[in-house]
>>> print(open('input-v3.pdb').read())   # PDB, C-alpha atoms and all ligand atoms
ATOM      1  CA  MET A  11     -15.328 -18.960  38.831
ATOM      2  CA  SER A  12     -14.281 -21.028  35.841
ATOM      3  CA  GLY A  13     -10.683 -20.662  34.642
ATOM      4  CA  LEU A  14     -11.950 -20.476  31.071
ATOM      5  CA  HIS A  15     -11.521 -16.997  29.648
ATOM      6  CA  ILE A  16     -13.586 -16.436  26.522
ATOM      7  CA  VAL A  17     -12.971 -13.178  24.682
ATOM      8  CA  ASP A  18     -16.127 -11.962  22.976
ATOM      9  CA  THR A  19     -14.738  -9.889  20.105
ATOM     10  CA  THR A  20     -18.225  -8.594  19.268
ATOM     11  CA  ALA A  21     -18.367  -6.686  22.565
ATOM     12  CA  LEU A  22     -14.967  -4.974  22.547
ATOM     13  CA  SER A  23     -13.872  -1.590  21.302
ATOM     14  CA  LEU A  24     -10.641  -0.774  19.561
ATOM     15  CA  GLU A  25      -7.864   0.781  21.568
ATOM     16  CA  ILE A  26      -6.538   3.363  19.125
ATOM     17  CA  GLU A  27      -3.372   5.400  19.615
ATOM     18  CA  PRO A  28      -2.952   8.012  16.876
ATOM     19  CA  TYR A  29       0.626   7.953  15.634
ATOM     20  CA  THR A  30       1.019  11.358  13.991
ATOM     21  CA  PRO A  31      -1.470  14.225  13.692
ATOM     22  CA  ASN A  32      -1.952  13.554   9.975
ATOM     23  CA  ILE A  33      -1.688   9.831   9.317
ATOM     24  CA  GLY A  34      -1.387   6.505  11.087
ATOM     25  CA  ALA A  35      -2.527   4.835  14.303
ATOM     26  CA  PHE A  36      -1.445   1.911  16.438
ATOM     27  CA  ILE A  37      -4.215  -0.466  17.451
ATOM     28  CA  HIS A  38      -3.424  -2.144  20.768
ATOM     29  CA  ASP A  39      -4.674  -5.279  22.503
ATOM     30  CA  ILE A  40      -6.173  -6.959  19.510
ATOM     31  CA  ASP A  41      -5.634 -10.397  18.039
ATOM     32  CA  LEU A  42      -6.410  -9.944  14.362
ATOM     33  CA  ALA A  43      -6.687 -13.702  13.890
ATOM     34  CA  ARG A  44      -9.840 -13.660  16.049
ATOM     35  CA  VAL A  45     -11.722 -10.873  14.279
ATOM     36  CA  GLY A  46     -14.472 -12.108  11.981
ATOM     37  CA  PRO A  47     -15.609 -10.030   8.985
ATOM     38  CA  HIS A  48     -19.009  -9.364  10.574
ATOM     39  CA  ASP A  49     -17.864  -8.604  14.139
ATOM     40  CA  ALA A  50     -18.420  -5.166  15.636
ATOM     41  CA  LEU A  51     -14.629  -4.865  15.783
ATOM     42  CA  ALA A  52     -14.469  -5.347  12.021
ATOM     43  CA  SER A  53     -16.638  -2.303  11.393
ATOM     44  CA  GLU A  54     -14.552  -0.330  13.886
ATOM     45  CA  LEU A  55     -11.445  -1.377  11.970
ATOM     46  CA  HIS A  56     -13.061  -0.179   8.728
ATOM     47  CA  ALA A  57     -13.798   3.186  10.309
ATOM     48  CA  ALA A  58     -10.286   3.440  11.788
ATOM     49  CA  LEU A  59      -8.682   2.662   8.431
ATOM     50  CA  ALA A  60     -10.749   5.341   6.707
ATOM     51  CA  GLN A  61      -9.824   7.877   9.375
ATOM     52  CA  TYR A  62      -6.121   7.097   9.970
ATOM     53  CA  GLN A  63      -5.274   5.666   6.516
ATOM     54  CA  VAL A  64      -2.658   3.235   7.889
ATOM     55  CA  LEU A  65      -3.027   1.039  10.977
ATOM     56  CA  PHE A  66      -0.232  -0.731  12.862
ATOM     57  CA  PHE A  67      -0.553  -3.850  15.015
ATOM     58  CA  ARG A  68       2.317  -5.359  17.019
ATOM     59  CA  ASP A  69       2.755  -8.992  18.093
ATOM     60  CA  GLN A  70       0.343 -10.667  15.709
ATOM     61  CA  ARG A  71       0.622 -14.404  15.060
ATOM     62  CA  LEU A  72      -0.966 -15.134  11.718
ATOM     63  CA  THR A  73      -0.842 -18.181   9.521
ATOM     64  CA  PRO A  74      -0.989 -17.335   5.801
ATOM     65  CA  GLU A  75      -4.686 -18.316   5.786
ATOM     66  CA  GLN A  76      -5.339 -16.039   8.757
ATOM     67  CA  GLN A  77      -3.584 -13.156   6.991
ATOM     68  CA  VAL A  78      -5.905 -13.682   4.027
ATOM     69  CA  SER A  79      -8.871 -13.673   6.439
ATOM     70  CA  VAL A  80      -7.656 -10.366   7.891
ATOM     71  CA  ALA A  81      -7.601  -8.915   4.370
ATOM     72  CA  ARG A  82     -11.118 -10.247   3.871
ATOM     73  CA  ILE A  83     -12.326  -8.023   6.748
ATOM     74  CA  PHE A  84     -11.645  -5.077   4.424
ATOM     75  CA  GLY A  85     -12.197  -6.367   0.919
ATOM     76  CA  ASP A  86     -11.725  -9.180  -1.553
ATOM     77  CA  PRO A  87      -8.178 -10.611  -1.336
ATOM     78  CA  ASP A  88      -8.546 -12.064  -4.809
ATOM     79  CA  LYS A  89      -8.403  -8.769  -6.731
ATOM     80  CA  ALA A  90      -5.461  -7.031  -8.438
ATOM     81  CA  LYS A  91      -2.053  -8.479  -7.602
ATOM     82  CA  ALA A  92       1.487  -7.462  -8.523
ATOM     83  CA  PHE A  93       4.212  -9.821  -9.738
ATOM     84  CA  PHE A  94       5.914 -10.775  -6.475
ATOM     85  CA  PRO A  95       6.414 -14.512  -5.996
ATOM     86  CA  ARG A  96       3.426 -16.179  -4.328
ATOM     87  CA  LEU A  97       3.598 -18.263  -1.186
ATOM     88  CA  ALA A  98       3.558 -22.010  -1.831
ATOM     89  CA  GLY A  99       0.216 -23.330  -0.611
ATOM     90  CA  GLN A 100      -1.436 -19.898  -0.281
ATOM     91  CA  ASP A 101      -1.524 -18.176  -3.604
ATOM     92  CA  LEU A 102      -3.095 -14.960  -2.312
ATOM     93  CA  VAL A 103      -0.003 -14.142  -0.256
ATOM     94  CA  GLU A 104       2.786 -12.306  -2.090
ATOM     95  CA  VAL A 105       6.302 -12.822  -0.767
ATOM     96  CA  ILE A 106       8.556  -9.759  -0.655
ATOM     97  CA  GLU A 107      11.941 -11.043   0.313
ATOM     98  CA  SER A 108      15.215  -9.123   0.402
ATOM     99  CA  LYS A 109      18.337 -11.209   0.816
ATOM    100  CA  PRO A 110      21.927 -11.174  -0.423
ATOM    101  CA  GLY A 111      21.966 -11.935  -4.144
ATOM    102  CA  GLY A 112      18.160 -11.701  -4.334
ATOM    103  CA  HIS A 113      16.137  -9.391  -6.531
ATOM    104  CA  ARG A 114      15.765  -5.752  -5.523
ATOM    105  CA  TYR A 115      12.148  -4.771  -5.977
ATOM    106  CA  GLY A 116      11.280  -1.157  -6.691
ATOM    107  CA  THR A 117       9.456  -0.681  -3.399
ATOM    108  CA  ASP A 118      12.023   1.919  -2.305
ATOM    109  CA  GLN A 119      10.194   4.549  -4.282
ATOM    110  CA  TRP A 120       6.971   6.354  -3.361
ATOM    111  CA  HIS A 121       4.016   4.473  -4.785
ATOM    112  CA  THR A 122       0.416   3.468  -4.442
ATOM    113  CA  ASP A 123       0.109  -0.249  -5.122
ATOM    114  CA  ILE A 124      -0.686  -1.306  -8.684
ATOM    115  CA  THR A 125      -2.048   1.952 -10.098
ATOM    116  CA  PHE A 126      -0.944   0.649 -13.511
ATOM    117  CA  SER A 127      -4.137  -1.401 -13.280
ATOM    118  CA  ALA A 128      -7.554   0.016 -14.146
ATOM    119  CA  ASN A 129      -8.814  -1.231 -10.790
ATOM    120  CA  PRO A 130      -6.025  -1.018  -8.180
ATOM    121  CA  PRO A 131      -6.389  -2.657  -4.771
ATOM    122  CA  THR A 132      -8.206  -0.626  -2.134
ATOM    123  CA  GLY A 133      -5.790  -1.718   0.571
ATOM    124  CA  THR A 134      -2.986  -3.971   1.683
ATOM    125  CA  VAL A 135      -2.150  -6.141   4.705
ATOM    126  CA  LEU A 136       1.635  -6.361   5.146
ATOM    127  CA  TYR A 137       3.007  -8.784   7.741
ATOM    128  CA  ALA A 138       6.641  -8.736   8.904
ATOM    129  CA  ARG A 139       7.927 -12.313   9.065
ATOM    130  CA  GLU A 140      11.599 -11.425   9.368
ATOM    131  CA  VAL A 141      13.130  -7.989   9.881
ATOM    132  CA  PRO A 142      16.685  -6.653   9.921
ATOM    133  CA  ALA A 143      18.149  -5.688  13.305
ATOM    134  CA  LEU A 144      18.269  -2.124  12.057
ATOM    135  CA  GLY A 145      16.632  -0.329   9.139
ATOM    136  CA  GLY A 146      14.087  -1.488   6.595
ATOM    137  CA  ASP A 147      11.409   0.926   7.865
ATOM    138  CA  THR A 148       8.365   1.769   5.740
ATOM    139  CA  LEU A 149       6.908   5.255   5.355
ATOM    140  CA  TRP A 150       3.371   6.206   4.360
ATOM    141  CA  THR A 151       2.161   9.583   3.242
ATOM    142  CA  SER A 152      -1.362  10.937   3.030
ATOM    143  CA  ALA A 153      -2.715  11.830  -0.415
ATOM    144  CA  THR A 154      -5.679  13.635   1.157
ATOM    145  CA  ARG A 155      -3.355  15.822   3.250
ATOM    146  CA  VAL A 156      -1.359  16.573   0.121
ATOM    147  CA  TYR A 157      -4.560  17.672  -1.607
ATOM    148  CA  ASP A 158      -5.511  19.860   1.380
ATOM    149  CA  ALA A 159      -2.101  21.565   1.228
ATOM    150  CA  LEU A 160      -2.329  22.567  -2.448
ATOM    151  CA  PRO A 161      -3.077  26.169  -3.381
ATOM    152  CA  PRO A 162      -6.737  26.447  -4.467
ATOM    153  CA  ALA A 163      -5.834  27.578  -8.015
ATOM    154  CA  LEU A 164      -3.635  24.521  -8.487
ATOM    155  CA  ARG A 165      -6.390  22.250  -7.155
ATOM    156  CA  ASP A 166      -8.812  23.699  -9.718
ATOM    157  CA  HIS A 167      -6.301  23.167 -12.509
ATOM    158  CA  LEU A 168      -5.638  19.556 -11.466
ATOM    159  CA  GLU A 169      -9.357  18.729 -11.372
ATOM    160  CA  GLU A 170      -9.375  18.885 -15.162
ATOM    161  CA  LEU A 171      -6.379  16.604 -15.654
ATOM    162  CA  GLN A 172      -5.838  12.905 -16.181
ATOM    163  CA  ALA A 173      -2.617  10.926 -15.938
ATOM    164  CA  VAL A 174      -1.248   7.820 -17.625
ATOM    165  CA  HIS A 175      -0.118   5.082 -15.224
ATOM    166  CA  SER A 176       2.086   2.436 -16.719
ATOM    167  CA  PHE A 177       3.675  -0.866 -15.793
ATOM    168  CA  GLU A 178       6.505   0.075 -18.203
ATOM    169  CA  HIS A 179       7.336   3.131 -16.125
ATOM    170  CA  SER A 180       8.012   1.049 -12.988
ATOM    171  CA  GLY A 181      10.757  -1.321 -11.897
ATOM    172  CA  TRP A 182       8.776  -4.404 -12.970
ATOM    173  CA  PRO A 183      10.270  -4.708 -16.494
ATOM    174  CA  ARG A 184      13.736  -4.892 -14.872
ATOM    175  CA  PHE A 185      12.440  -7.607 -12.544
ATOM    176  CA  PHE A 186      11.306  -9.755 -15.454
ATOM    177  CA  LEU A 187      14.321  -9.137 -17.627
ATOM    178  CA  ALA A 188      16.682 -10.155 -14.804
ATOM    179  CA  GLN A 189      15.215 -13.676 -14.851
ATOM    180  CA  ARG A 190      16.086 -16.603 -17.064
ATOM    181  CA  GLY A 191      13.448 -16.607 -19.819
ATOM    182  CA  GLY A 192      12.402 -13.183 -18.569
ATOM    183  CA  GLU A 193      11.894 -11.692 -22.021
ATOM    184  CA  THR A 194       8.804 -13.859 -22.590
ATOM    185  CA  LEU A 195       7.418 -13.129 -19.112
ATOM    186  CA  TYR A 196       8.032  -9.437 -19.656
ATOM    187  CA  ARG A 197       6.264  -9.371 -23.025
ATOM    188  CA  GLN A 198       3.289 -11.199 -21.527
ATOM    189  CA  ALA A 199       3.098  -8.861 -18.504
ATOM    190  CA  ARG A 200       3.302  -5.839 -20.831
ATOM    191  CA  ALA A 201       0.508  -7.184 -23.018
ATOM    192  CA  ASP A 202      -1.629  -7.912 -19.942
ATOM    193  CA  ASN A 203      -1.015  -4.457 -18.470
ATOM    194  CA  LEU A 204      -1.487  -1.784 -21.089
ATOM    195  CA  PRO A 205      -1.200   1.781 -19.773
ATOM    196  CA  VAL A 206      -4.308   3.115 -18.006
ATOM    197  CA  VAL A 207      -5.609   6.604 -17.350
ATOM    198  CA  HIS A 208      -6.708   7.832 -13.902
ATOM    199  CA  PRO A 209      -7.919  11.292 -12.885
ATOM    200  CA  VAL A 210      -5.240  13.312 -11.107
ATOM    201  CA  ILE A 211      -7.716  14.249  -8.371
ATOM    202  CA  ARG A 212      -9.992  11.536  -7.048
ATOM    203  CA  VAL A 213     -12.677  11.413  -4.370
ATOM    204  CA  HIS A 214     -12.286   8.765  -1.700
ATOM    205  CA  PRO A 215     -15.521   6.766  -1.847
ATOM    206  CA  VAL A 216     -15.678   6.149   1.922
ATOM    207  CA  THR A 217     -14.637   9.517   3.358
ATOM    208  CA  GLY A 218     -15.641  11.796   0.475
ATOM    209  CA  ARG A 219     -12.246  13.508   0.813
ATOM    210  CA  LYS A 220     -10.348  14.584  -2.277
ATOM    211  CA  LEU A 221      -6.883  13.182  -2.878
ATOM    212  CA  VAL A 222      -4.008  13.525  -5.318
ATOM    213  CA  TYR A 223      -3.655  10.321  -7.331
ATOM    214  CA  VAL A 224      -0.244  10.347  -9.018
ATOM    215  CA  ASN A 225       2.865   8.506  -7.855
ATOM    216  CA  PRO A 226       6.485   8.397  -9.079
ATOM    217  CA  ASN A 227       6.602   4.634  -9.526
ATOM    218  CA  PHE A 228       3.709   4.225 -11.937
ATOM    219  CA  THR A 229       2.561   7.621 -13.198
ATOM    220  CA  ASP A 230       4.204   8.261 -16.539
ATOM    221  CA  ARG A 231       2.711  11.548 -17.706
ATOM    222  CA  ILE A 232      -0.205  13.927 -17.564
ATOM    223  CA  LEU A 233      -2.367  13.829 -20.668
ATOM    224  CA  GLY A 234      -2.576  16.914 -22.838
ATOM    225  CA  LEU A 235       0.687  18.465 -21.590
ATOM    226  CA  THR A 236       4.089  18.445 -23.229
ATOM    227  CA  ARG A 237       6.541  15.998 -21.669
ATOM    228  CA  ALA A 238       8.421  18.915 -20.088
ATOM    229  CA  ALA A 239       5.267  20.498 -18.634
ATOM    230  CA  SER A 240       4.027  17.120 -17.422
ATOM    231  CA  ASP A 241       7.361  16.301 -15.757
ATOM    232  CA  ALA A 242       7.406  19.724 -14.082
ATOM    233  CA  LEU A 243       3.869  19.374 -12.731
ATOM    234  CA  LEU A 244       4.387  15.793 -11.571
ATOM    235  CA  GLY A 245       7.664  16.841  -9.936
ATOM    236  CA  LEU A 246       5.845  19.588  -8.060
ATOM    237  CA  LEU A 247       3.173  17.153  -6.833
ATOM    238  CA  PHE A 248       5.691  14.457  -5.882
ATOM    239  CA  GLY A 249       7.470  17.107  -3.825
ATOM    240  CA  TYR A 250       4.352  17.525  -1.686
ATOM    241  CA  PHE A 251       4.297  13.782  -0.997
ATOM    242  CA  GLN A 252       7.866  14.003   0.255
ATOM    243  CA  ARG A 253       6.978  16.502   2.965
ATOM    244  CA  PRO A 254       7.579  14.824   6.342
ATOM    245  CA  ASP A 255       4.521  16.662   7.689
ATOM    246  CA  PHE A 256       2.168  14.223   5.959
ATOM    247  CA  GLN A 257       4.117  11.045   6.714
ATOM    248  CA  ALA A 258       4.290   8.238   9.243
ATOM    249  CA  ARG A 259       7.419   6.068   9.499
ATOM    250  CA  LEU A 260       7.095   2.590  10.959
ATOM    251  CA  ARG A 261       9.970   0.742  12.580
ATOM    252  CA  TRP A 262       9.043  -2.863  11.998
ATOM    253  CA  GLU A 263       9.340  -5.642  14.536
ATOM    254  CA  LYS A 264       8.864  -9.277  13.679
ATOM    255  CA  ASP A 265       5.109 -10.038  13.713
ATOM    256  CA  THR A 266       4.051  -6.420  13.133
ATOM    257  CA  VAL A 267       1.141  -5.971  10.724
ATOM    258  CA  ALA A 268       0.461  -2.770   8.785
ATOM    259  CA  ILE A 269      -2.830  -2.304   6.961
ATOM    260  CA  TRP A 270      -3.154   0.688   4.665
ATOM    261  CA  ASP A 271      -5.759   2.374   2.586
ATOM    262  CA  ASN A 272      -4.255   2.121  -0.891
ATOM    263  CA  ARG A 273      -6.541   4.836  -2.263
ATOM    264  CA  ALA A 274      -5.574   7.530   0.219
ATOM    265  CA  THR A 275      -1.853   6.877   0.693
ATOM    266  CA  GLN A 276       1.501   6.239  -0.879
ATOM    267  CA  HIS A 277       4.298   4.254   0.765
ATOM    268  CA  TYR A 278       8.064   3.802   0.544
ATOM    269  CA  ALA A 279      10.126   0.879   1.848
ATOM    270  CA  VAL A 280      13.514   2.168   2.972
ATOM    271  CA  ASN A 281      16.337   0.142   1.434
ATOM    272  CA  ASP A 282      19.060   0.860   4.009
ATOM    273  CA  PHE A 283      19.521  -2.607   5.495
ATOM    274  CA  GLN A 284      21.351  -4.601   2.807
ATOM    275  CA  PRO A 285      22.729  -7.248   3.010
ATOM    276  CA  ALA A 286      20.458  -8.227   5.915
ATOM    277  CA  ARG A 287      17.379 -10.339   5.234
ATOM    278  CA  ARG A 288      13.874  -8.901   5.344
ATOM    279  CA  LEU A 289      10.822 -11.013   4.639
ATOM    280  CA  MET A 290       7.317  -9.616   4.294
ATOM    281  CA  HIS A 291       4.063 -11.340   3.416
ATOM    282  CA  ARG A 292       1.635  -9.120   1.570
ATOM    283  CA  VAL A 293      -2.059  -9.550   0.821
ATOM    284  CA  THR A 294      -3.728  -6.848  -1.218
ATOM    285  CA  PHE A 295      -7.508  -6.565  -1.171
ATOM    286  CA  GLY A 296      -9.960  -4.781  -3.383
ATOM    287  CA  GLU A 297     -13.459  -4.190  -4.602
ATOM    288  CA  ASP A 298     -15.109  -4.437  -8.006
ATOM    289  CA  ARG A 299     -14.323  -0.741  -8.442
ATOM    290  CA  ALA A 300     -11.720   1.031  -6.307
ATOM    291  CA  PHE A 301     -13.361   4.404  -7.026
ATOM    292  CA  ALA A 302     -16.949   5.249  -7.882
TER     293      ALA A 302
HETATM  294  C1  LIG B 401       5.077  -2.661  -0.672
HETATM  295  O1  LIG B 401       5.517  -1.742  -1.348
HETATM  296  O2  LIG B 401       3.936  -3.074  -0.812
HETATM  297  C2  LIG B 401       5.979  -3.304   0.372
HETATM  298  C3  LIG B 401       6.454  -2.325   1.373
HETATM  299  C4  LIG B 401       7.481  -2.893   2.306
HETATM  300  O3  LIG B 401       8.083  -3.929   2.003
HETATM  301  O4  LIG B 401       7.698  -2.298   3.363
END
>>> encode(input="input-v3.pdb", output="structure tokens")
Amino acid sequence: MSGLHIVDTTALSLEIEPYTPNIGAFIHDIDLARVGPHDALASELHAALAQYQVLFFRDQRLTPEQQVSVARIFGDPDKAKAFFPRLAGQDLVEVIESKPGGHRYGTDQWHTDITFSANPPTGTVLYAREVPALGGDTLWTSATRVYDALPPALRDHLEELQAVHSFEHSGWPRFFLAQRGGETLYRQARADNLPVVHPVIRVHPVTGRKLVYVNPNFTDRILGLTRAASDALLGLLFGYFQRPDFQARLRWEKDTVAIWDNRATQHYAVNDFQPARRLMHRVTFGEDRAFA
């Protein structure tokens, strides 16, 4: 027998270990760098992401180009981006670095990525390049489970409502203003990102499941309500997202990859590890329209 061992990724099946009853799964024995966008494994990954909403992969070795290719399995990596610094030589990779004296991003707040955009990303590939010895976990929560848990009368009420999502409402203005010459950058970012309106209840285009689409980082107010009534209703909904029942908490290791469905989830990066260093590479991906 030849010593050559060729792995045919078109003939394998995913080894899936559900992580909690409501959200998340580990995928074992897979080398993401070897999965092509048209392989059978790619369509299994699509199905797993729709079902589990966030997927975890340990011990991946990805170059920045390979991380972009992983994102391409799920969507177009050249859609909506945030304002994190980009990786030199691979512009589609955002660098989220925490280090002593560095900027503190507002990722330690529940959010769905970039909902201040009319067309937010449909998902994200986050790759741990450097992790603290302790802490720096990320949590995800399921917006479909939150919807399922709402009293029917509240669901009916929310169906009629729309919410304003705004760049201004988030931590990004602080990020710009903390930089030298930041005022100009801030004014430009504000002009490029006028507030947008999204329905409070959306239908996931892949699963057909309803989900609650408001998040504390970017949702400013519910249209047609007084500020007080809007704050009270948003506070009630945000409370559901905080229920541990709908959450998965990942303890990162170096070379762990998390891929999440950015339509069906929110996430929160725990900021308990300062002053240790934490370095993540992020590639968001999207479609022409995140929702039908
Ligand atoms: C993010 O909010 O996209 C980053 C989350 C993290 O750094 O864990």
>>> residues_near_ligand(input="input-v3.pdb", ligand="ligand LIG 401 (chain B)", cutoff="8 Å", atoms="all atoms listed in the file", output="PyMOL selection string")
chain A and resi 106+116-118+121-123+134+136+146-149+277-280+290+292
>>> write_last_selection(input="input-v3.pdb", atoms="C-alpha atoms", output="PDB file, keeping the file's coordinate frame")
ATOM      1  CA  ILE A 106       8.556  -9.759  -0.655  1.00  0.00           C
ATOM      2  CA  GLY A 116      11.280  -1.157  -6.691  1.00  0.00           C
ATOM      3  CA  THR A 117       9.456  -0.681  -3.399  1.00  0.00           C
ATOM      4  CA  ASP A 118      12.023   1.919  -2.305  1.00  0.00           C
ATOM      5  CA  HIS A 121       4.016   4.473  -4.785  1.00  0.00           C
ATOM      6  CA  THR A 122       0.416   3.468  -4.442  1.00  0.00           C
ATOM      7  CA  ASP A 123       0.109  -0.249  -5.122  1.00  0.00           C
ATOM      8  CA  THR A 134      -2.986  -3.971   1.683  1.00  0.00           C
ATOM      9  CA  LEU A 136       1.635  -6.361   5.146  1.00  0.00           C
ATOM     10  CA  GLY A 146      14.087  -1.488   6.595  1.00  0.00           C
ATOM     11  CA  ASP A 147      11.409   0.926   7.865  1.00  0.00           C
ATOM     12  CA  THR A 148       8.365   1.769   5.740  1.00  0.00           C
ATOM     13  CA  LEU A 149       6.908   5.255   5.355  1.00  0.00           C
ATOM     14  CA  HIS A 277       4.298   4.254   0.765  1.00  0.00           C
ATOM     15  CA  TYR A 278       8.064   3.802   0.544  1.00  0.00           C
ATOM     16  CA  ALA A 279      10.126   0.879   1.848  1.00  0.00           C
ATOM     17  CA  VAL A 280      13.514   2.168   2.972  1.00  0.00           C
ATOM     18  CA  MET A 290       7.317  -9.616   4.294  1.00  0.00           C
ATOM     19  CA  ARG A 292       1.635  -9.120   1.570  1.00  0.00           C
TER      20      ARG A 292
END
>>> axis_aligned_box(input="input-v3.pdb", around="stretch 244-251 of chain A", padding_each_side="4 Å", output="AutoDock Vina command-line options")
--center_x 5.4 --center_y 16.7 --center_z -6.3 --size_x 12.5 --size_y 13.8 --size_z 18.6
>>> residues_around(input="input-v3.pdb", residues="A:Val267", least_positions_apart="4", cutoff="8 Å", atoms="only C-alpha atoms", output="JSON, numbers by chain")
{"A": [66, 67, 68, 70, 135, 136, 137, 138]}
>>> atom_distance(input="input-v3.pdb", atom1="atom CA of A:Asp86", atom2="atom CA of A:Glu297")
6.1 Å
>>> residues_near_point(input="input-v3.pdb", point="(0.9, 21.3, -13.5)", cutoff="8 Å", atoms="all atoms listed in the file", output="PyMOL selection string")
chain A and resi 164+167-168+239-240+242-244+246
>>> resolve_selection(input="input-v3.pdb", expression="the PyMOL selection byres (((chain A and resi 217) around 12) and not hetatm)", output="number ranges by chain")
A: 56-63, 154, 212-216, 218-221, 271, 273-274, 301
>>> atom_distance(input="input-v3.pdb", atom1="atom CA of A:Gly191", atom2="atom CA of A:Val293")
26.8 Å
>>> residues_around(input="input-v3.pdb", residues="A:Gly249", least_positions_apart="5", cutoff="12 Å", atoms="all atoms listed in the file", output="list in words")
Trp120, Thr151, Ala153, Val156, Ala159, Leu160, Val224, Asn225, Pro226, Asp241, Ala242, Leu243, Leu244, Pro254, Asp255 and Phe256 of chain A
>>> closest_atom_pairs(input="input-v3.pdb", of="stretch 43-144 of chain A", to="stretch 170-175 of chain A", cutoff="8 Å", atoms="all atoms listed in the file", output="Markdown table")
| residue | atom | partner | partner_atom | distance |
| --- | --- | --- | --- | --- |
| A:Thr125 | CA | A:His175 | CA | 6.3 |
| A:Phe126 | CA | A:His175 | CA | 4.8 |
| A:Ser127 | CA | A:His175 | CA | 7.9 |
>>> atom_distance(input="input-v3.pdb", atom1="atom CA of A:Gln189", atom2="atom CA of A:His113")
9.4 Å
>>> residues_around(input="input-v3.pdb", residues="A:Glu27", least_positions_apart="4", cutoff="8 Å", atoms="all atoms listed in the file", output="list in words")
Ala35, Phe36, Ile37 and His38 of chain A
